[in-house]
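Worksheet: one structure, shown below.
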Amino acid sequence: MDAQTIIARRIARELRSGMLVNLGIGIPTLVANYVPANVSVFFQSENGLIGTGPIPEEGMTHPTLTDAGGRPVSALPGASTFDSAMSFGLIRGGHVDMTVLGGLQVDEHGRLANWMIPGKMVPGMGGAMDLVSGAKRVVVAMQHTVKGKSKIVKECSLPLTSLRMVDLVVTELAVIAFREGQATLIETAPGIKPEDVVRSTEAQLTVPANVPEMQL
Amino acid sequence: MKTIALPDAVDMIPDGASLLIGGFMAVGTPERVVDELVRQGKRDLTVIANDTAMPGKGIGKLVSAGLIKKTIASHIGLNPETQQQMIAGEMAVDLVPQGTLIERIRAGGFGLGGVLTPTGVGTIVEEGKRRIEVDGKSYLLETALRADFALVHAFLADYSGNLAYALTARNFNPVIAMAGNTVIATAEHIVPVGVIAPDHVVTPAPIIDYLITNQ
């Protein structure tokens with residue numbers, strides 16, 4: 001299983017029936033492919049849709065039914081559409097149960113940087129700052145390292161997305177929670193030992209005596 | 001509300017005007033108005049919109065034609081030309097969190113001086129802004145935004161100017177319609193008064209100054 005699939009499958013197990021969930025672009029989008037069979041959630045697209053469904057087949061798309069990247073999507077029965085003020089009222093107002101976002105860095109206190117690399121990549125924050133500020137639960141989906149360097153760092157060197165602590169980081173090596181403000185290793189990927197994770201992580205990790213393996 | 005032909009509507013917009021433009025990645029953008037702005041070569045525009053779309057689509061056409069002096073948007077990542085013009089110093093870009101941007105426009109249209117939002121507290125978005133504590137929680141004071149013109153795109157307009165929108169093409173449109181000094185609308189279909197039921201009108205007729213006729 002490749003890194004992205006491990007991450008997406010593990011995060012899909014966080015979904016509970018009835019949740020309103022917002023998925024960011026990149027690995028987070030893949031989570032929709034692994035919703036457990038007995039679970040039914042509402043996916044929100046921040047351009048104004050609850051009930052986002054799969055990409056329609058060729059010839060069945062509509063120019064006014066799109067996701068936040070402008071790509072065609074479908075709307076499931078029970079879907080609703082609304083303007084951007086409502087969409088961000090849902091996000092900022094704590095009505096979104098869970099958001100899954102990509103990350104550039106997460107520090108050992110659970111703070112996320114995911115919207116710019118000064119001088120290199122300045123795409124704009126889009127909805128990321130509102131999502132991290134307002135969603136009930138924030139899950140970060142990212143690879144553990146980039147070019148051999150840990151993305152889970154002591155202190156973010158990149159501009160923060162929010163001061164709000166994220167709840168969970170899922171990588172291809174581990175699940176890390178930020179209980180009591182401290183990065184804690186709570187699961188490892190199949191075949192990965194806690195010491196492997198510690199070696200690949202710059203941040204100080206609390207490692208409990210018993211760390212279970214991810215269920216995928 | 002007056003009906004107006006497309007060239008005459010765009011002729012009212014002077015060089016240097018500020019424009020609120022509807023749409024999200026060009027979905028729900030008044031494409032005909034954008035094309036006419038390019039054809040008439042209106043320059044030094046300030047554009048307030050969610051994003052600058054991509055080259056060849058929606059606001060991306062204004063970017064490619066070099067007509068924009070300043071952009072206030074939440075995302076420019078899918079238009080490399082915006083980033084090139086920003087880096088070259090040809091276009092000023094203010095990046096604003098999306099929920100803050102729409103609320104600043106809503107405040108502008110709803111007669112408010114601004115809004116208090118927790119988004120951006122403690123980040124570089126806070127620079128130069130007032131932090132206000134309410135009941136022990138920190139918020140940023142984000143000021144209202146208005147523009148000389150709001151360029152709105154609807155699905156349905158009736159002859160009196162009532163508007164209804166389609167699916168995800170709604171996005172910023174009903175909010176910007178409230179915040180333009182002059183509000184110009186286009187619609188996919190223009191229908192007799194009464195076809196849009198009162199409950200289904202999203203933007204009420206008196207908000208619209210000009211409805212561009214369909215060909």
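Residues in the structure tokens are numbered from 1 in each chain, the chains being A, B, ... in the order shown, and ligands are numbered from 1 in the order shown.
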
Check your understanding: Which chain A residues are at most 7 Å from chain B (counting only C-alpha atoms), as a VMD selection string?
Key -> chain A and resid 47 to 49 64 to 66 69 to 70 81 to 85 88 123 to 127 129 to 130 133 159 to 163

Hey, can you spit out that residue selection with N, CA and C atoms as a PDB file, in the first residue's frame?
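Written file, result12.pdb:
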ATOM      1  N   ASN A  47     -17.180  25.893  -1.608  1.00  0.00           N
ATOM      2  CA  ASN A  47     -17.783  26.785  -2.593  1.00  0.00           C
ATOM      3  C   ASN A  47     -19.305  26.762  -2.526  1.00  0.00           C
ATOM      4  N   GLY A  48     -19.868  25.996  -1.577  1.00  0.00           N
ATOM      5  CA  GLY A  48     -21.296  26.134  -1.335  1.00  0.00           C
ATOM      6  C   GLY A  48     -22.141  24.892  -1.515  1.00  0.00           C
ATOM      7  N   LEU A  49     -21.630  23.744  -1.090  1.00  0.00           N
ATOM      8  CA  LEU A  49     -22.365  22.489  -1.296  1.00  0.00           C
ATOM      9  C   LEU A  49     -22.182  21.559  -0.092  1.00  0.00           C
ATOM     10  N   THR A  64     -22.325  24.108 -13.352  1.00  0.00           N
ATOM     11  CA  THR A  64     -22.566  24.793 -12.077  1.00  0.00           C
ATOM     12  C   THR A  64     -22.587  23.818 -10.902  1.00  0.00           C
ATOM     13  N   LEU A  65     -21.975  22.659 -11.073  1.00  0.00           N
ATOM     14  CA  LEU A  65     -21.886  21.714  -9.947  1.00  0.00           C
ATOM     15  C   LEU A  65     -20.429  21.263  -9.841  1.00  0.00           C
ATOM     16  N   THR A  66     -19.707  21.967  -8.966  1.00  0.00           N
ATOM     17  CA  THR A  66     -18.252  21.839  -8.938  1.00  0.00           C
ATOM     18  C   THR A  66     -17.759  21.789  -7.496  1.00  0.00           C
ATOM     19  N   GLY A  69     -12.093  23.160  -6.084  1.00  0.00           N
ATOM     20  CA  GLY A  69     -11.041  23.341  -7.069  1.00  0.00           C
ATOM     21  C   GLY A  69     -11.611  23.646  -8.448  1.00  0.00           C
ATOM     22  N   GLY A  70     -12.946  23.782  -8.542  1.00  0.00           N
ATOM     23  CA  GLY A  70     -13.590  24.071  -9.815  1.00  0.00           C
ATOM     24  C   GLY A  70     -13.823  22.837 -10.675  1.00  0.00           C
ATOM     25  N   THR A  81     -27.328  23.568  -1.371  1.00  0.00           N
ATOM     26  CA  THR A  81     -26.359  24.558  -1.849  1.00  0.00           C
ATOM     27  C   THR A  81     -26.662  25.905  -1.196  1.00  0.00           C
ATOM     28  N   PHE A  82     -25.613  26.736  -1.096  1.00  0.00           N
ATOM     29  CA  PHE A  82     -25.753  27.996  -0.350  1.00  0.00           C
ATOM     30  C   PHE A  82     -24.608  28.912  -0.758  1.00  0.00           C
ATOM     31  N   ASP A  83     -24.689  30.171  -0.297  1.00  0.00           N
ATOM     32  CA  ASP A  83     -23.653  31.129  -0.683  1.00  0.00           C
ATOM     33  C   ASP A  83     -22.420  31.001   0.221  1.00  0.00           C
ATOM     34  N   SER A  84     -21.391  31.781  -0.093  1.00  0.00           N
ATOM     35  CA  SER A  84     -20.112  31.640   0.608  1.00  0.00           C
ATOM     36  C   SER A  84     -20.173  32.129   2.054  1.00  0.00           C
ATOM     37  N   ALA A  85     -21.068  33.099   2.361  1.00  0.00           N
ATOM     38  CA  ALA A  85     -21.179  33.548   3.753  1.00  0.00           C
ATOM     39  C   ALA A  85     -21.737  32.421   4.618  1.00  0.00           C
ATOM     40  N   PHE A  88     -19.066  29.617   5.079  1.00  0.00           N
ATOM     41  CA  PHE A  88     -18.050  29.878   6.108  1.00  0.00           C
ATOM     42  C   PHE A  88     -18.679  30.110   7.472  1.00  0.00           C
ATOM     43  N   PRO A 123       0.180  30.573  -2.638  1.00  0.00           N
ATOM     44  CA  PRO A 123      -1.100  30.380  -3.324  1.00  0.00           C
ATOM     45  C   PRO A 123      -2.260  31.114  -2.667  1.00  0.00           C
ATOM     46  N   GLY A 124      -2.072  31.547  -1.415  1.00  0.00           N
ATOM     47  CA  GLY A 124      -3.208  32.075  -0.651  1.00  0.00           C
ATOM     48  C   GLY A 124      -3.772  30.989   0.232  1.00  0.00           C
ATOM     49  N   MET A 125      -4.403  31.411   1.321  1.00  0.00           N
ATOM     50  CA  MET A 125      -4.865  30.443   2.321  1.00  0.00           C
ATOM     51  C   MET A 125      -6.222  29.857   1.987  1.00  0.00           C
ATOM     52  N   GLY A 126      -6.937  30.458   1.019  1.00  0.00           N
ATOM     53  CA  GLY A 126      -8.276  29.944   0.717  1.00  0.00           C
ATOM     54  C   GLY A 126      -9.080  29.810   1.996  1.00  0.00           C
ATOM     55  N   GLY A 127      -9.641  28.628   2.227  1.00  0.00           N
ATOM     56  CA  GLY A 127     -10.458  28.411   3.417  1.00  0.00           C
ATOM     57  C   GLY A 127      -9.720  27.784   4.584  1.00  0.00           C
ATOM     58  N   MET A 129      -7.482  28.687   6.895  1.00  0.00           N
ATOM     59  CA  MET A 129      -7.411  29.336   8.218  1.00  0.00           C
ATOM     60  C   MET A 129      -8.753  29.275   8.941  1.00  0.00           C
ATOM     61  N   ASP A 130      -9.840  29.453   8.187  1.00  0.00           N
ATOM     62  CA  ASP A 130     -11.173  29.368   8.792  1.00  0.00           C
ATOM     63  C   ASP A 130     -11.466  27.950   9.253  1.00  0.00           C
ATOM     64  N   SER A 133      -9.544  27.208  12.395  1.00  0.00           N
ATOM     65  CA  SER A 133     -10.077  27.979  13.519  1.00  0.00           C
ATOM     66  C   SER A 133     -11.425  27.443  13.995  1.00  0.00           C
ATOM     67  N   PRO A 159       4.952  30.102   8.071  1.00  0.00           N
ATOM     68  CA  PRO A 159       3.846  30.855   8.677  1.00  0.00           C
ATOM     69  C   PRO A 159       2.696  29.937   9.112  1.00  0.00           C
ATOM     70  N   LEU A 160       2.216  30.157  10.336  1.00  0.00           N
ATOM     71  CA  LEU A 160       1.162  29.311  10.898  1.00  0.00           C
ATOM     72  C   LEU A 160      -0.169  29.545  10.188  1.00  0.00           C
ATOM     73  N   THR A 161      -0.979  28.501  10.189  1.00  0.00           N
ATOM     74  CA  THR A 161      -2.338  28.602   9.666  1.00  0.00           C
ATOM     75  C   THR A 161      -3.283  29.101  10.749  1.00  0.00           C
ATOM     76  N   SER A 162      -2.995  28.704  11.995  1.00  0.00           N
ATOM     77  CA  SER A 162      -3.827  29.095  13.137  1.00  0.00           C
ATOM     78  C   SER A 162      -3.047  28.796  14.402  1.00  0.00           C
ATOM     79  N   LEU A 163      -3.405  29.472  15.498  1.00  0.00           N
ATOM     80  CA  LEU A 163      -2.816  29.105  16.798  1.00  0.00           C
ATOM     81  C   LEU A 163      -3.496  27.870  17.365  1.00  0.00           C
TER      82      LEU A 163
END

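Among the candidates A:Thr5, A:Leu158, A:Gly191, A:Leu173, the residue lying nearest to A:Gly119 is A:Leu158 (atoms considered: only C-alpha atoms).
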
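Atom CA of A:Ala113 to atom CA of A:Met214 spans 25.1 Å [interatomic distance, one decimal].
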
Using only C-alpha atoms, what does the table of stretch 87-156 of chain A residues within 10 Å of stretch 16-40 of chain A look like, with each row giving the shortest atom pair and its distance in Å to one decimal, sorted by chain and ascending number, as JSON lines?
{"residue": "A:Leu90", "atom": "CA", "partner": "A:Leu20", "partner_atom": "CA", "distance": 9.5}
{"residue": "A:Ile91", "atom": "CA", "partner": "A:Asn22", "partner_atom": "CA", "distance": 8.7}
{"residue": "A:His95", "atom": "CA", "partner": "A:Leu20", "partner_atom": "CA", "distance": 7.5}
{"residue": "A:Val96", "atom": "CA", "partner": "A:Leu20", "partner_atom": "CA", "distance": 5.2}
{"residue": "A:Asp97", "atom": "CA", "partner": "A:Leu20", "partner_atom": "CA", "distance": 5.3}
{"residue": "A:Met98", "atom": "CA", "partner": "A:Val21", "partner_atom": "CA", "distance": 4.9}
{"residue": "A:Thr99", "atom": "CA", "partner": "A:Asn22", "partner_atom": "CA", "distance": 4.7}
{"residue": "A:Val100", "atom": "CA", "partner": "A:Leu23", "partner_atom": "CA", "distance": 5.0}
{"residue": "A:Leu101", "atom": "CA", "partner": "A:Gly24", "partner_atom": "CA", "distance": 4.8}
{"residue": "A:Gly102", "atom": "CA", "partner": "A:Pro28", "partner_atom": "CA", "distance": 6.5}
{"residue": "A:Gly103", "atom": "CA", "partner": "A:Ile27", "partner_atom": "CA", "distance": 9.9}
{"residue": "A:Gly127", "atom": "CA", "partner": "A:Gly24", "partner_atom": "CA", "distance": 9.0}
{"residue": "A:Ala128", "atom": "CA", "partner": "A:Gly24", "partner_atom": "CA", "distance": 8.1}
{"residue": "A:Leu131", "atom": "CA", "partner": "A:Asn22", "partner_atom": "CA", "distance": 8.3}
{"residue": "A:Ala135", "atom": "CA", "partner": "A:Asn22", "partner_atom": "CA", "distance": 8.8}
{"residue": "A:Lys136", "atom": "CA", "partner": "A:Val21", "partner_atom": "CA", "distance": 9.9}
{"residue": "A:Arg137", "atom": "CA", "partner": "A:Val21", "partner_atom": "CA", "distance": 9.5}
{"residue": "A:Val138", "atom": "CA", "partner": "A:Asn22", "partner_atom": "CA", "distance": 9.8}
{"residue": "A:Val139", "atom": "CA", "partner": "A:Pro28", "partner_atom": "CA", "distance": 9.2}
{"residue": "A:Val140", "atom": "CA", "partner": "A:Pro28", "partner_atom": "CA", "distance": 8.2}
{"residue": "A:Ala141", "atom": "CA", "partner": "A:Pro28", "partner_atom": "CA", "distance": 6.2}
{"residue": "A:Met142", "atom": "CA", "partner": "A:Ile27", "partner_atom": "CA", "distance": 7.2}
{"residue": "A:Gln143", "atom": "CA", "partner": "A:Ile27", "partner_atom": "CA", "distance": 9.2}

Take the selection from the previous step and output its residues with C-alpha atoms, as a PDB file, in the first residue's frame.
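Listed below is the output, result06.pdb:
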ATOM      1  CA  LEU A  90     -20.888  26.573   8.823  1.00  0.00           C
ATOM      2  CA  ILE A  91     -17.099  26.340   9.049  1.00  0.00           C
ATOM      3  CA  HIS A  95     -20.987  23.242  12.555  1.00  0.00           C
ATOM      4  CA  VAL A  96     -18.362  21.222  10.661  1.00  0.00           C
ATOM      5  CA  ASP A  97     -17.594  18.132  12.741  1.00  0.00           C
ATOM      6  CA  MET A  98     -14.280  17.323  11.126  1.00  0.00           C
ATOM      7  CA  THR A  99     -11.914  18.773   8.577  1.00  0.00           C
ATOM      8  CA  VAL A 100      -9.052  16.915   6.938  1.00  0.00           C
ATOM      9  CA  LEU A 101      -6.272  19.144   5.620  1.00  0.00           C
ATOM     10  CA  GLY A 102      -2.862  18.734   4.083  1.00  0.00           C
ATOM     11  CA  GLY A 103       0.162  20.012   5.981  1.00  0.00           C
ATOM     12  CA  GLY A 127     -10.458  28.411   3.417  1.00  0.00           C
ATOM     13  CA  ALA A 128      -7.683  26.731   5.441  1.00  0.00           C
ATOM     14  CA  LEU A 131     -11.331  25.573   8.789  1.00  0.00           C
ATOM     15  CA  ALA A 135     -14.014  22.974  12.740  1.00  0.00           C
ATOM     16  CA  LYS A 136     -14.768  20.824  15.782  1.00  0.00           C
ATOM     17  CA  ARG A 137     -11.998  18.400  14.912  1.00  0.00           C
ATOM     18  CA  VAL A 138      -8.920  19.037  12.755  1.00  0.00           C
ATOM     19  CA  VAL A 139      -7.072  16.094  11.196  1.00  0.00           C
ATOM     20  CA  VAL A 140      -3.881  16.621   9.208  1.00  0.00           C
ATOM     21  CA  ALA A 141      -3.078  14.212   6.373  1.00  0.00           C
ATOM     22  CA  MET A 142       0.544  14.425   5.281  1.00  0.00           C
ATOM     23  CA  GLN A 143       3.634  12.400   4.522  1.00  0.00           C
TER      24      GLN A 143
END

Practice item. For stretch 203-215 of chain B, please output as a list in words all residues within 7 Å (counting only C-alpha atoms; exclusion window: fewer than 3 positions along the same chain). Key: Met1, Lys2, Thr3, Ile4, Ala5, Leu6, Ser160, Gly161, Asn162, Leu163, Ala164, Pro174, Ala177, Met178, Thr182, Val183, Ile184, Ala185 and Thr186 of chain B

Take the selection from the previous step and output its residues with C-alpha atoms, as a PDB file, in the first residue's frame.
ATOM      1  CA  MET B   1     -33.658  48.592 -12.453  1.00  0.00           C
ATOM      2  CA  LYS B   2     -32.800  49.307 -16.079  1.00  0.00           C
ATOM      3  CA  THR B   3     -32.087  46.801 -18.782  1.00  0.00           C
ATOM      4  CA  ILE B   4     -28.940  47.545 -20.715  1.00  0.00           C
ATOM      5  CA  ALA B   5     -26.929  46.134 -23.605  1.00  0.00           C
ATOM      6  CA  LEU B   6     -23.607  44.553 -22.688  1.00  0.00           C
ATOM      7  CA  SER B 160     -37.898  43.374 -12.670  1.00  0.00           C
ATOM      8  CA  GLY B 161     -34.413  42.222 -11.605  1.00  0.00           C
ATOM      9  CA  ASN B 162     -35.150  39.499  -9.058  1.00  0.00           C
ATOM     10  CA  LEU B 163     -32.349  36.925  -9.132  1.00  0.00           C
ATOM     11  CA  ALA B 164     -32.025  33.212  -8.385  1.00  0.00           C
ATOM     12  CA  PRO B 174     -25.669  37.264  -3.665  1.00  0.00           C
ATOM     13  CA  ALA B 177     -24.752  42.187  -4.993  1.00  0.00           C
ATOM     14  CA  MET B 178     -25.267  44.032  -1.681  1.00  0.00           C
ATOM     15  CA  THR B 182     -23.597  50.190  -8.873  1.00  0.00           C
ATOM     16  CA  VAL B 183     -24.819  46.620  -9.319  1.00  0.00           C
ATOM     17  CA  ILE B 184     -24.757  45.054 -12.786  1.00  0.00           C
ATOM     18  CA  ALA B 185     -26.217  41.569 -13.300  1.00  0.00           C
ATOM     19  CA  THR B 186     -26.221  38.979 -16.046  1.00  0.00           C
TER      20      THR B 186
END
